[in-house]
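With JSON, C-alpha atoms inside, this is entry_20.json:
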[["chain", "number", "residue", "atom", "x", "y", "z"],
["A", 9, "GLY", "CA", -38.04, 231.24, 10.95],
["A", 10, "GLU", "CA", -38.36, 231.88, 14.64],
["A", 11, "GLY", "CA", -36.58, 228.71, 15.75],
["A", 12, "GLY", "CA", -33.48, 229.72, 13.81],
["A", 13, "GLY", "CA", -33.51, 233.18, 15.37],
["A", 14, "LEU", "CA", -33.68, 231.75, 18.89],
["A", 15, "THR", "CA", -30.64, 229.55, 18.37],
["A", 16, "LEU", "CA", -28.63, 232.46, 17.01],
["A", 17, "GLU", "CA", -29.54, 234.71, 19.92],
["A", 18, "GLY", "CA", -28.84, 231.91, 22.40],
["A", 19, "GLY", "CA", -25.47, 231.24, 20.80],
["A", 20, "THR", "CA", -24.28, 234.87, 20.84],
["A", 21, "GLY", "CA", -25.35, 235.81, 24.37],
["A", 22, "PRO", "CA", -22.80, 236.88, 26.97],
["A", 23, "LYS", "CA", -23.33, 233.73, 29.07],
["A", 24, "SER", "CA", -22.46, 231.15, 26.39],
["A", 25, "GLY", "CA", -18.85, 229.97, 26.25],
["A", 26, "SER", "CA", -17.58, 232.38, 28.90],
["A", 27, "GLY", "CA", -19.25, 230.84, 31.94],
["A", 28, "GLY", "CA", -17.46, 229.64, 35.08],
["A", 29, "GLY", "CA", -17.64, 226.00, 33.98],
["A", 30, "GLY", "CA", -14.45, 226.09, 31.83],
["A", 31, "PHE", "CA", -11.04, 224.74, 32.82],
["A", 32, "ASN", "CA", -8.36, 227.06, 34.13],
["A", 33, "VAL", "CA", -5.40, 225.80, 32.07],
["A", 34, "PRO", "CA", -2.60, 227.63, 33.95],
["A", 35, "LEU", "CA", -3.92, 226.31, 37.26],
["A", 36, "LEU", "CA", -4.08, 222.76, 35.90],
["A", 37, "LEU", "CA", -0.50, 223.03, 34.57],
["A", 38, "TYR", "CA", 0.71, 224.33, 37.92],
["A", 39, "ILE", "CA", -0.97, 221.50, 39.83],
["A", 40, "GLY", "CA", 0.41, 218.99, 37.32],
["A", 41, "HIS", "CA", 3.97, 220.24, 37.85],
["A", 42, "LEU", "CA", 3.44, 220.36, 41.58],
["A", 43, "LEU", "CA", 2.47, 216.68, 41.63],
["A", 44, "ALA", "CA", 4.90, 215.44, 38.96],
["A", 45, "ALA", "CA", 8.10, 217.16, 40.16],
["A", 46, "PRO", "CA", 8.61, 215.10, 43.35],
["A", 47, "TYR", "CA", 7.98, 211.87, 41.42],
["A", 48, "ILE", "CA", 10.49, 212.79, 38.70],
["A", 49, "ILE", "CA", 13.11, 213.79, 41.29],
["A", 50, "TRP", "CA", 12.53, 210.50, 43.15],
["A", 51, "LYS", "CA", 12.99, 208.50, 39.92],
["A", 52, "LEU", "CA", 16.21, 210.36, 39.06],
["A", 53, "LEU", "CA", 17.66, 209.86, 42.54],
["A", 54, "ASN", "CA", 16.63, 206.21, 42.56],
["A", 55, "SER", "CA", 18.29, 205.51, 39.20],
["A", 56, "ALA", "CA", 21.46, 207.36, 40.29],
["A", 57, "GLN", "CA", 21.63, 205.23, 43.44],
["A", 58, "GLN", "CA", 21.22, 202.03, 41.39],
["A", 59, "ASN", "CA", 24.07, 203.06, 39.08],
["A", 60, "GLN", "CA", 26.35, 203.71, 42.06],
["A", 61, "SER", "CA", 25.12, 200.86, 44.21],
["A", 62, "GLY", "CA", 27.21, 198.04, 42.99],
["A", 63, "GLN", "CA", 28.91, 195.85, 40.52],
["A", 64, "ASP", "CA", 26.17, 193.21, 40.50],
["A", 65, "LEU", "CA", 25.93, 192.45, 36.80],
["A", 66, "ALA", "CA", 22.67, 190.51, 37.06],
["A", 67, "VAL", "CA", 20.59, 193.66, 36.87],
["A", 68, "PRO", "CA", 16.85, 192.99, 36.85],
["A", 69, "GLY", "CA", 15.21, 194.47, 33.80],
["A", 70, "GLY", "CA", 14.03, 191.70, 31.54],
["A", 71, "ASN", "CA", 15.70, 188.69, 30.02],
["A", 72, "TRP", "CA", 17.98, 190.54, 27.63],
["A", 73, "GLU", "CA", 20.59, 187.79, 28.19],
["A", 74, "LYS", "CA", 18.24, 185.35, 26.44],
["A", 75, "GLY", "CA", 17.55, 187.76, 23.60],
["A", 76, "GLU", "CA", 14.20, 188.93, 24.99],
["A", 77, "GLY", "CA", 13.17, 192.57, 25.28],
["A", 78, "GLU", "CA", 15.43, 195.44, 24.21],
["A", 79, "HIS", "CA", 19.01, 194.35, 23.49],
["A", 80, "PHE", "CA", 21.81, 194.60, 20.93],
["A", 81, "ILE", "CA", 23.55, 191.90, 18.89],
["A", 82, "ALA", "CA", 27.30, 192.28, 18.50],
["A", 83, "LYS", "CA", 30.04, 190.30, 16.79],
["A", 84, "ALA", "CA", 33.49, 189.88, 18.29],
["A", 85, "SER", "CA", 36.19, 191.32, 16.03],
["A", 86, "PHE", "CA", 39.05, 189.89, 18.09],
["A", 87, "PRO", "CA", 39.50, 187.11, 20.65],
["A", 88, "PHE", "CA", 39.45, 188.20, 24.29],
["A", 89, "THR", "CA", 40.33, 186.21, 27.41],
["A", 90, "ALA", "CA", 38.52, 187.21, 30.59],
["A", 91, "GLY", "CA", 40.85, 188.53, 33.27],
["A", 92, "ASN", "CA", 38.42, 188.09, 36.17],
["A", 93, "GLN", "CA", 34.95, 186.76, 37.00],
["A", 94, "ASN", "CA", 33.23, 190.00, 35.89],
["A", 95, "GLU", "CA", 34.53, 189.66, 32.33],
["A", 96, "LEU", "CA", 33.32, 187.45, 29.47],
["A", 97, "SER", "CA", 35.76, 185.67, 27.13],
["A", 98, "LEU", "CA", 35.27, 186.05, 23.37],
["A", 99, "THR", "CA", 36.40, 184.17, 20.28],
["A", 100, "ASP", "CA", 36.89, 185.87, 16.92],
["A", 101, "GLY", "CA", 33.54, 186.12, 15.08],
["A", 102, "GLN", "CA", 31.46, 185.08, 18.10],
["A", 103, "LEU", "CA", 27.98, 186.63, 18.41],
["A", 104, "VAL", "CA", 27.04, 188.04, 21.82],
["A", 105, "VAL", "CA", 23.98, 189.79, 23.23],
["A", 106, "LEU", "CA", 24.61, 193.28, 24.66],
["A", 107, "ALA", "CA", 22.47, 194.73, 27.43],
["A", 108, "PRO", "CA", 20.24, 197.72, 26.66],
["A", 109, "GLN", "CA", 21.85, 201.12, 27.20],
["A", 110, "LYS", "CA", 20.00, 201.76, 30.47],
["A", 111, "LEU", "CA", 21.58, 198.64, 32.01],
["A", 112, "GLN", "CA", 25.14, 199.26, 30.86],
["A", 113, "VAL", "CA", 27.55, 199.88, 33.74],
["A", 114, "HIS", "CA", 28.37, 203.58, 33.42],
["A", 115, "GLN", "CA", 31.46, 203.47, 35.66],
["A", 116, "GLN", "CA", 33.19, 201.08, 33.25],
["A", 117, "ASN", "CA", 33.98, 203.30, 30.25],
["A", 118, "GLY", "CA", 35.14, 201.29, 27.28],
["A", 119, "TRP", "CA", 33.31, 198.12, 28.37],
["A", 120, "PHE", "CA", 29.92, 196.64, 27.42],
["A", 121, "LEU", "CA", 27.74, 194.35, 29.53],
["A", 122, "ALA", "CA", 27.27, 191.26, 27.37],
["A", 123, "ALA", "CA", 25.90, 187.72, 27.62],
["A", 124, "GLN", "CA", 26.60, 184.43, 25.88],
["A", 125, "ASP", "CA", 25.36, 180.91, 26.72],
["A", 126, "GLY", "CA", 23.75, 181.98, 30.01],
["A", 127, "LYS", "CA", 26.83, 183.82, 31.28],
["A", 128, "SER", "CA", 27.02, 187.59, 31.52],
["A", 129, "GLY", "CA", 30.03, 189.82, 31.94],
["A", 130, "LEU", "CA", 31.96, 192.79, 30.64],
["A", 131, "VAL", "CA", 33.63, 192.79, 27.22],
["A", 132, "PRO", "CA", 35.93, 195.49, 25.80],
["A", 133, "ALA", "CA", 33.89, 197.84, 23.61],
["A", 134, "ASN", "CA", 36.62, 198.05, 20.95],
["A", 135, "TYR", "CA", 36.67, 194.23, 20.58],
["A", 136, "VAL", "CA", 33.05, 193.98, 19.42],
["A", 137, "LYS", "CA", 31.04, 195.51, 16.58],
["A", 138, "ILE", "CA", 27.33, 196.15, 17.12],
["A", 139, "ILE", "CA", 25.35, 194.54, 14.32],
["A", 140, "SER", "CA", 21.74, 195.36, 15.22],
["A", 141, "LYS", "CA", 19.33, 196.57, 17.87],
["A", 142, "ARG", "CA", 16.38, 194.36, 18.76],
["A", 143, "ASN", "CA", 13.25, 195.26, 20.69],
["A", 144, "GLY", "CA", 11.92, 191.81, 21.36]]
As structure tokens, please, write out the structure in this file.
Amino acid sequence: GEGGGLTLEGGTGPKSGSGGGGFNVPLLLYIGHLLAAPYIIWKLLNSAQQNQSGQDLAVPGGNWEKGEGEHFIAKASFPFTAGNQNELSLTDGQLVVLAPQKLQVHQQNGWFLAAQDGKSGLVPANYVKIISKRNG
């Protein structure tokens, strides 16, 4: 009897649930944005500088050349002879490993960063057909 009445009265009083101990969600969201925005801007600027910084094709980011981590497998549809040291020669039907999208050289439209037998270089995008995406 009385024990049940006490819990009901205690649960419906003005002090339960509306006390000052709760979280202020808008304030937490504001502080979160305040702290996260500079970090996100720094990451965007840093990645933009890396994309502009150079033609070094040995981009650190895992061993995608060896088929480890995120990468794509492609098959050459046509033979291709490299015209310079940044390009990779292909034979018809040859399988190559393509770098993940984040490591592709964005200034070179129409070219993929690929690797075969320990060598990496650019191959014409229309000479290869992507067969599969691998994550490890």
Tell me, in Å to one decimal, how far atom CA of A:Glu76 is from atom CA of A:Leu103.
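Distance reported for this atom pair: 15.4 Å.
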Work out how far atom CA of A:Asn71 is from atom CA of A:Asn134, in Å to one decimal.
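We find that atom CA of A:Asn134 and atom CA of A:Asn71 lie 24.6 Å from each other.
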Give the answer as one residue: which of A:Leu121, A:Phe80, A:Glu73, A:Pro108 has the shortest atom-to-atom distance to A:Glu95, using all atoms listed in the file?
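Distance minimum relative to A:Glu95 lands on A:Leu121.
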May I ask for the distance between atom CA of A:Ser55 and atom CA of A:Leu36, given in Å to one decimal place?
28.4 Å
Nearest to A:Ile139, chosen from A:Lys127, A:Lys51, A:His79, A:Lys110, with all atoms listed in the file counted in the distances
A:His79
Hey, which of A:Leu43, A:Thr99, A:Ser128, A:Lys74 ends up closest to A:Phe86? Count all atoms listed in the file.
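Residue with the minimum atom-to-atom distance to A:Phe86: A:Thr99.
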Identify which of the residues A:Lys137, A:Phe88, A:Tyr38, A:Trp72 lies closest to A:Gln109, counting all atoms listed in the file when measuring atom-to-atom distances.
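Nearest candidate to A:Gln109 out of A:Lys137, A:Phe88, A:Tyr38, A:Trp72: A:Trp72.
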Please provide the set of residues having any atom within 12 Å of A:Trp119, restricted to all atoms listed in the file, with same-chain residues fewer than 6 positions apart removed, written as a ChimeraX atom specification.
/A:94-96,106-107,109,112-113,129-136
Show me the residues close to (26.3, 189.5, 16.0) - anything with an atom within 7 Å, counting only C-alpha atoms - and format the list as an mmCIF file with C-alpha atoms, in the coordinates of the input.
data_model
loop_
_atom_site.group_PDB
_atom_site.id
_atom_site.type_symbol
_atom_site.label_atom_id
_atom_site.label_comp_id
_atom_site.auth_asym_id
_atom_site.auth_seq_id
_atom_site.Cartn_x
_atom_site.Cartn_y
_atom_site.Cartn_z
ATOM 1 C CA ILE A 81 23.550 191.900 18.890
ATOM 2 C CA ALA A 82 27.300 192.280 18.500
ATOM 3 C CA LYS A 83 30.040 190.300 16.790
ATOM 4 C CA LEU A 103 27.980 186.630 18.410
ATOM 5 C CA VAL A 104 27.040 188.040 21.820
ATOM 6 C CA ILE A 138 27.330 196.150 17.120
ATOM 7 C CA ILE A 139 25.350 194.540 14.320
#
Please determine, counting only C-alpha atoms, which residue among A:Leu42, A:Leu111, A:Ile49, A:Ala123 has the shortest atom-to-atom distance to A:Ser97.
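Ranking A:Leu42, A:Leu111, A:Ile49, A:Ala123 by distance to A:Ser97, first place goes to A:Ala123.
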Residue rebuild result stretch 117-133 of chain A, N, CA and C atoms as a CSV table (one decimal), keeping the file's coordinate frame:
chain,number,residue,atom,x,y,z
A,117,ASN,N,33.9,202.8,31.6
A,117,ASN,CA,34.0,203.3,30.2
A,117,ASN,C,34.8,202.4,29.4
A,118,GLY,N,34.4,202.2,28.2
A,118,GLY,CA,35.1,201.3,27.3
A,118,GLY,C,34.8,199.8,27.4
A,119,TRP,N,33.7,199.5,28.2
A,119,TRP,CA,33.3,198.1,28.4
A,119,TRP,C,31.8,198.0,28.2
A,120,PHE,N,31.3,196.9,27.6
A,120,PHE,CA,29.9,196.6,27.4
A,120,PHE,C,29.5,195.5,28.3
A,121,LEU,N,28.3,195.5,28.8
A,121,LEU,CA,27.7,194.4,29.5
A,121,LEU,C,27.2,193.4,28.5
A,122,ALA,N,27.7,192.2,28.4
A,122,ALA,CA,27.3,191.3,27.4
A,122,ALA,C,26.9,189.9,28.0
A,123,ALA,N,26.3,189.1,27.2
A,123,ALA,CA,25.9,187.7,27.6
A,123,ALA,C,26.1,186.7,26.5
A,124,GLN,N,26.5,185.5,26.8
A,124,GLN,CA,26.6,184.4,25.9
A,124,GLN,C,26.4,183.1,26.6
A,125,ASP,N,25.6,182.2,26.1
A,125,ASP,CA,25.4,180.9,26.7
A,125,ASP,C,25.0,181.0,28.2
A,126,GLY,N,24.2,181.9,28.6
A,126,GLY,CA,23.8,182.0,30.0
A,126,GLY,C,24.7,182.7,30.9
A,127,LYS,N,25.9,183.1,30.5
A,127,LYS,CA,26.8,183.8,31.3
A,127,LYS,C,26.8,185.3,30.9
A,128,SER,N,26.9,186.2,31.8
A,128,SER,CA,27.0,187.6,31.5
A,128,SER,C,28.3,188.2,32.1
A,129,GLY,N,28.8,189.2,31.5
A,129,GLY,CA,30.0,189.8,31.9
A,129,GLY,C,30.4,191.0,31.0
A,130,LEU,N,31.5,191.6,31.4
A,130,LEU,CA,32.0,192.8,30.6
A,130,LEU,C,32.9,192.3,29.5
A,131,VAL,N,32.7,193.0,28.4
A,131,VAL,CA,33.6,192.8,27.2
A,131,VAL,C,34.2,194.1,26.8
A,132,PRO,N,35.4,194.2,26.3
A,132,PRO,CA,35.9,195.5,25.8
A,132,PRO,C,35.1,196.0,24.6
A,133,ALA,N,34.7,197.3,24.7
A,133,ALA,CA,33.9,197.8,23.6
A,133,ALA,C,34.6,197.8,22.3
